[in-house]
There are 2 protein chains.
Amino acid sequence: MSANALPHVVIVGGGFAGLWATRALARDRVRITLIDRRNHHLFQPLLYQVATAGLSAPDIAAPLRHILRGQRNVEVRLGEVTAIDADARTVALAGDDGADDSRIGYDYLLLASGATHAYFGNDAWAEHAPGLKSLDDALGIRRRVLMAFERAEAADDPAERAAWLDFAVVGGGPTGVELAGTLAEIARHTLKDEFRHIDPARARVRLIEAGPRVLASFPPELSDNARLKLEKLGVEVVTGHAVETIDGDGYVLAGERVPARTVLWAAGVAASPLGALLDVPRDRAGRVRVEADLGVPGRPEVLVAGDLASIEQDGRPVPGVAPAAKQMGAHAARAIRARLAGRPAPPFRYRDMGNLATIGRMAAVVDLHGFKLKGLLAWWFWLWVHVLFLIGFRNRLLVLINWAWAYWSYQRHARIILDDHDDESGDAAAP
Amino acid sequence: MSANALPHVVIVGGGFAGLWATRALARDRVRITLIDRRNHHLFQPLLYQVATAGLSAPDIAAPLRHILRGQRNVEVRLGEVTAIDADARTVALAGDDGADDSRIGYDYLLLASGATHAYFGNDAWAEHAPGLKSLDDALGIRRRVLMAFERAEAADDPAERAAWLDFAVVGGGPTGVELAGTLAEIARHTLKDEFRHIDPARARVRLIEAGPRVLASFPPELSDNARLKLEKLGVEVVTGHAVETIDGDGYVLAGERVPARTVLWAAGVAASPLGALLDVPRDRAGRVRVEADLGVPGRPEVLVAGDLASIEQDGRPVPGVAPAAKQMGAHAARAIRARLAGRPAPPFRYRDMGNLATIGRMAAVVDLHGFKLKGLLAWWFWLWVHVLFLIGFRNRLLVLINWAWAYWSYQRHARIILDDHDDESGDAAAP
């Protein structure tokens, strides 16, 4: 095939960065191999809705093959990259059965494998306080939360019952705020009248943030508003204290042991381990320190984009948010195009579109370059932006209908407990 | 609580029979405990749509607690019944962690735990040819089918590739026909343009029926029509031959070994093992032979309904279909009411509402007491009946919209591969 003579671009990761790069190269004379461990692109900003049973997994995910079916210069490979030989310009790929390792050569390599949870050296906490990065994580959290109420209902011992009704979310960033707000809503409203031995509304939902305020990336005024809104929803917000330990019985905070059977982790993010396969400088979180055009120092044919890339702009790190990942993906495509043409690539510039976070029913905070919104108006803005960006998913309308119904009725349609597969979720090999 | 003085009705199983019985007793002066291993009622007639990625799991399931939240005389317990002491009138219940066994006393016991797969003594086939009874089964089958195309795409060896593109469905009843028709549609239409090394449309989908015709419970004329429609969809229909063996490499049929990596089982149904916990006569499939009013011989306080009950009417067995289960559930409630009043219960009469099966895109067969429909009209009738009976699920409209979209676009929105949890699905303990 003559296509084999074209430069080969290997893109690892079908998230926002990898997918946007792939699409941006649609009309270039290259052949692209897009590698992902999972068969789907995930709209991560709504993942907390799957974890809290408001949306089904397929509502926020679409098969990569389907999204890219019309782009003839791309081939999608399901598998996990296990090694990179930067001198030979090959990546090693393990199939999902582990057995059939194969090597794929590249002319250009874009690493966009994102981020995973970080427990700051306390990896033993992972088992007791799951984080939220994949659909399998979300289904595991959904199961834990729903089962906690079931176990509280079945418990005879008052102390055990109380422990099952004690929920903690560690980390007061947008994900932590969203999870805590929604948990409180589930306890106060969704489960009303469904139990006979417990009152779910008496569940304690705690949001624990080590820093001085929640939503630290927002102006203090919006942090204060978010805290107020959370407290109104019934969330107990604790700031200025870090969790000291987490185990199967609960956690320790400010020297006090709290028996809580459900602890969720939204505190730390570490770069995907793929960055470590390259012999290049990385930051504390394991992200690859890229050059101004997203190239890797000394290896211009290797680029990094999205949450795996560490880059500063005007003295501040570019944040690990979806718009930044999309912009980096598109820029990496431009940089590869420039290299193919023998031109220097322009430096990456992050265009900050603003910052949004939702808190719960009809409340959100929005910061658009100093223009601040909060409350209902901010929530409508948040909803509009999120539905708008569910692009490429045919089910935007369905997601809207689901939400309309959920908000009107306080119900959450995806409250289905599937079999436990916690052990296999997270960083398992190909899905 | 004075409620404890009321007669205690324990109902095991929240399927059609158990749920209909529970609802029928809403205004009776009894207290009811409804026990299920899963937290949801499942609309089983559409389970094949979840297996083939047309619907999400929550589209066809609703939490039992939610359905029954307004019925104050019922308590829902999540757990698995592990023993029945009919003399002491207690059931033993294992919680989902296995540890906290508890005993629940009853005045009346209704067993409605349904059916499971039967491999006719070939239990080793179960691993290679999964059946379809629960949502976890459906998600496991979805994963197998989608992964088969992925593995075919990744395979270098032509024989291996062909084996991954060879699908067999064993059993030509309604479930087998639905699965085979939908698999053919996925291969021919849904996956169009998505692969680069294989042509999914060249996949072989075989439907294997040991008897002389598919849909044996329908008039021969409709069986012929179903076969024709299946063949038009691209399904190879084999009748009059039973599969001789099934293993990890394929199956043997009429002495010939067929390398096929995906074999689905829709051939045999056995009663839930709960029937064996009672010391009463059972039929070959393990179903409890009940008396005319659905009571167990010699134990009038124990009743059986749904797929677990074996009863004949006019010399023919009452079929294991949803309408029969609902009718039996409602009748069991009447029988319990009669016993409470010291009256004899009337005999159960099955009202046959007709027989429907769908074949694939816009084709179905309908038999209403000799009034036969086929083709598009039958399909519309089938759709109308199924959407109508999704009662108690708020998402009837959403399911319709999903279908409308799927039929219009040939797309299936739930093509998301989640982590493998085959090993834990099926007959595991509480979900």
# chains A, B, ... in the order shown; residues from 1 in each chain; ligands from 1
>>> residues_around(residues="region 6-15 of chain B", least_positions_apart="5", cutoff="9 Å", atoms="only C-alpha atoms", output="number ranges by chain")
B: 20-22, 29-44, 64, 80-81, 91, 104-114, 306, 325-326, 336, 340
>>> closest_residue(among="B:His66, B:Arg316, B:Lys229, B:Arg204", to="Leu376 (chain B)", atoms="only C-alpha atoms")
B:Lys229
>>> residues_around(residues="region 211-218 of chain A", least_positions_apart="5", cutoff="9 Å", atoms="only C-alpha atoms", output="PyMOL selection string")
chain A and resi 171-174+176-177+223-224+226-227+237-242+355-357+365-367
>>> select_by_dssp(residues="region 295-412 of chain A", states="strand (DSSP E)", output="VMD selection string")
chain A and resid 295 to 296 299 to 304 309 to 310 312 to 313 316 to 317 355 to 360 363 to 368 371 to 374
>>> atom_distance(atom1="CA of Thr90 (chain B)", atom2="CA of Leu277 (chain B)")
12.0 Å
>>> decode(residues="region 42-68 of chain A", atoms="N, CA and C atoms", output="compact mmCIF listing (two decimals), in the first residue's frame")
# COMPACT_ATOMS: atom_id res chain seq x y z
N LEU A 42 -13.97 9.44 26.39
CA LEU A 42 -14.81 9.70 27.56
C LEU A 42 -14.93 11.21 27.77
N PHE A 43 -16.16 11.66 27.99
CA PHE A 43 -16.37 13.06 28.32
C PHE A 43 -16.21 13.21 29.83
N GLN A 44 -14.93 13.33 30.25
CA GLN A 44 -14.62 13.29 31.68
C GLN A 44 -15.33 14.33 32.55
N PRO A 45 -15.62 15.53 32.03
CA PRO A 45 -16.27 16.51 32.92
C PRO A 45 -17.60 16.02 33.51
N LEU A 46 -18.23 15.03 32.91
CA LEU A 46 -19.49 14.54 33.46
C LEU A 46 -19.36 13.18 34.13
N LEU A 47 -18.12 12.74 34.34
CA LEU A 47 -17.91 11.43 34.94
C LEU A 47 -18.55 11.33 36.33
N TYR A 48 -18.52 12.44 37.08
CA TYR A 48 -19.11 12.39 38.43
C TYR A 48 -20.60 12.07 38.37
N GLN A 49 -21.26 12.40 37.26
CA GLN A 49 -22.69 12.10 37.12
C GLN A 49 -22.91 10.59 36.96
N VAL A 50 -21.96 9.89 36.32
CA VAL A 50 -22.06 8.44 36.23
C VAL A 50 -21.80 7.82 37.61
N ALA A 51 -20.82 8.38 38.33
CA ALA A 51 -20.51 7.86 39.66
C ALA A 51 -21.68 8.03 40.61
N THR A 52 -22.49 9.05 40.38
CA THR A 52 -23.61 9.32 41.29
C THR A 52 -24.94 8.94 40.65
N ALA A 53 -24.90 8.07 39.66
CA ALA A 53 -26.09 7.42 39.10
C ALA A 53 -27.04 8.36 38.35
N GLY A 54 -26.55 9.55 38.01
CA GLY A 54 -27.40 10.46 37.24
C GLY A 54 -27.37 10.15 35.75
N LEU A 55 -26.27 9.64 35.25
CA LEU A 55 -26.15 9.29 33.84
C LEU A 55 -25.64 7.85 33.72
N SER A 56 -25.96 7.22 32.59
CA SER A 56 -25.41 5.90 32.29
C SER A 56 -24.03 6.07 31.68
N ALA A 57 -23.23 5.02 31.77
CA ALA A 57 -21.90 5.08 31.17
C ALA A 57 -21.95 5.47 29.68
N PRO A 58 -22.82 4.86 28.87
CA PRO A 58 -22.79 5.21 27.45
C PRO A 58 -23.25 6.64 27.15
N ASP A 59 -23.87 7.31 28.13
CA ASP A 59 -24.29 8.69 27.89
C ASP A 59 -23.10 9.62 27.67
N ILE A 60 -21.95 9.29 28.25
CA ILE A 60 -20.81 10.22 28.19
C ILE A 60 -19.60 9.59 27.53
N ALA A 61 -19.81 8.51 26.80
CA ALA A 61 -18.69 7.86 26.14
C ALA A 61 -19.10 7.47 24.73
N ALA A 62 -18.16 7.50 23.81
CA ALA A 62 -18.44 7.09 22.44
C ALA A 62 -17.25 6.29 21.93
N PRO A 63 -17.51 5.22 21.17
CA PRO A 63 -16.39 4.41 20.67
C PRO A 63 -15.47 5.25 19.78
N LEU A 64 -14.16 5.17 20.03
CA LEU A 64 -13.20 5.93 19.23
C LEU A 64 -13.33 5.56 17.75
N ARG A 65 -13.52 4.27 17.47
CA ARG A 65 -13.67 3.86 16.07
C ARG A 65 -14.83 4.55 15.39
N HIS A 66 -15.89 4.74 16.17
CA HIS A 66 -17.08 5.34 15.58
C HIS A 66 -16.83 6.82 15.30
N ILE A 67 -16.24 7.50 16.29
CA ILE A 67 -15.96 8.94 16.11
C ILE A 67 -15.08 9.14 14.87
N LEU A 68 -14.12 8.22 14.66
CA LEU A 68 -13.11 8.42 13.61
C LEU A 68 -13.37 7.60 12.36
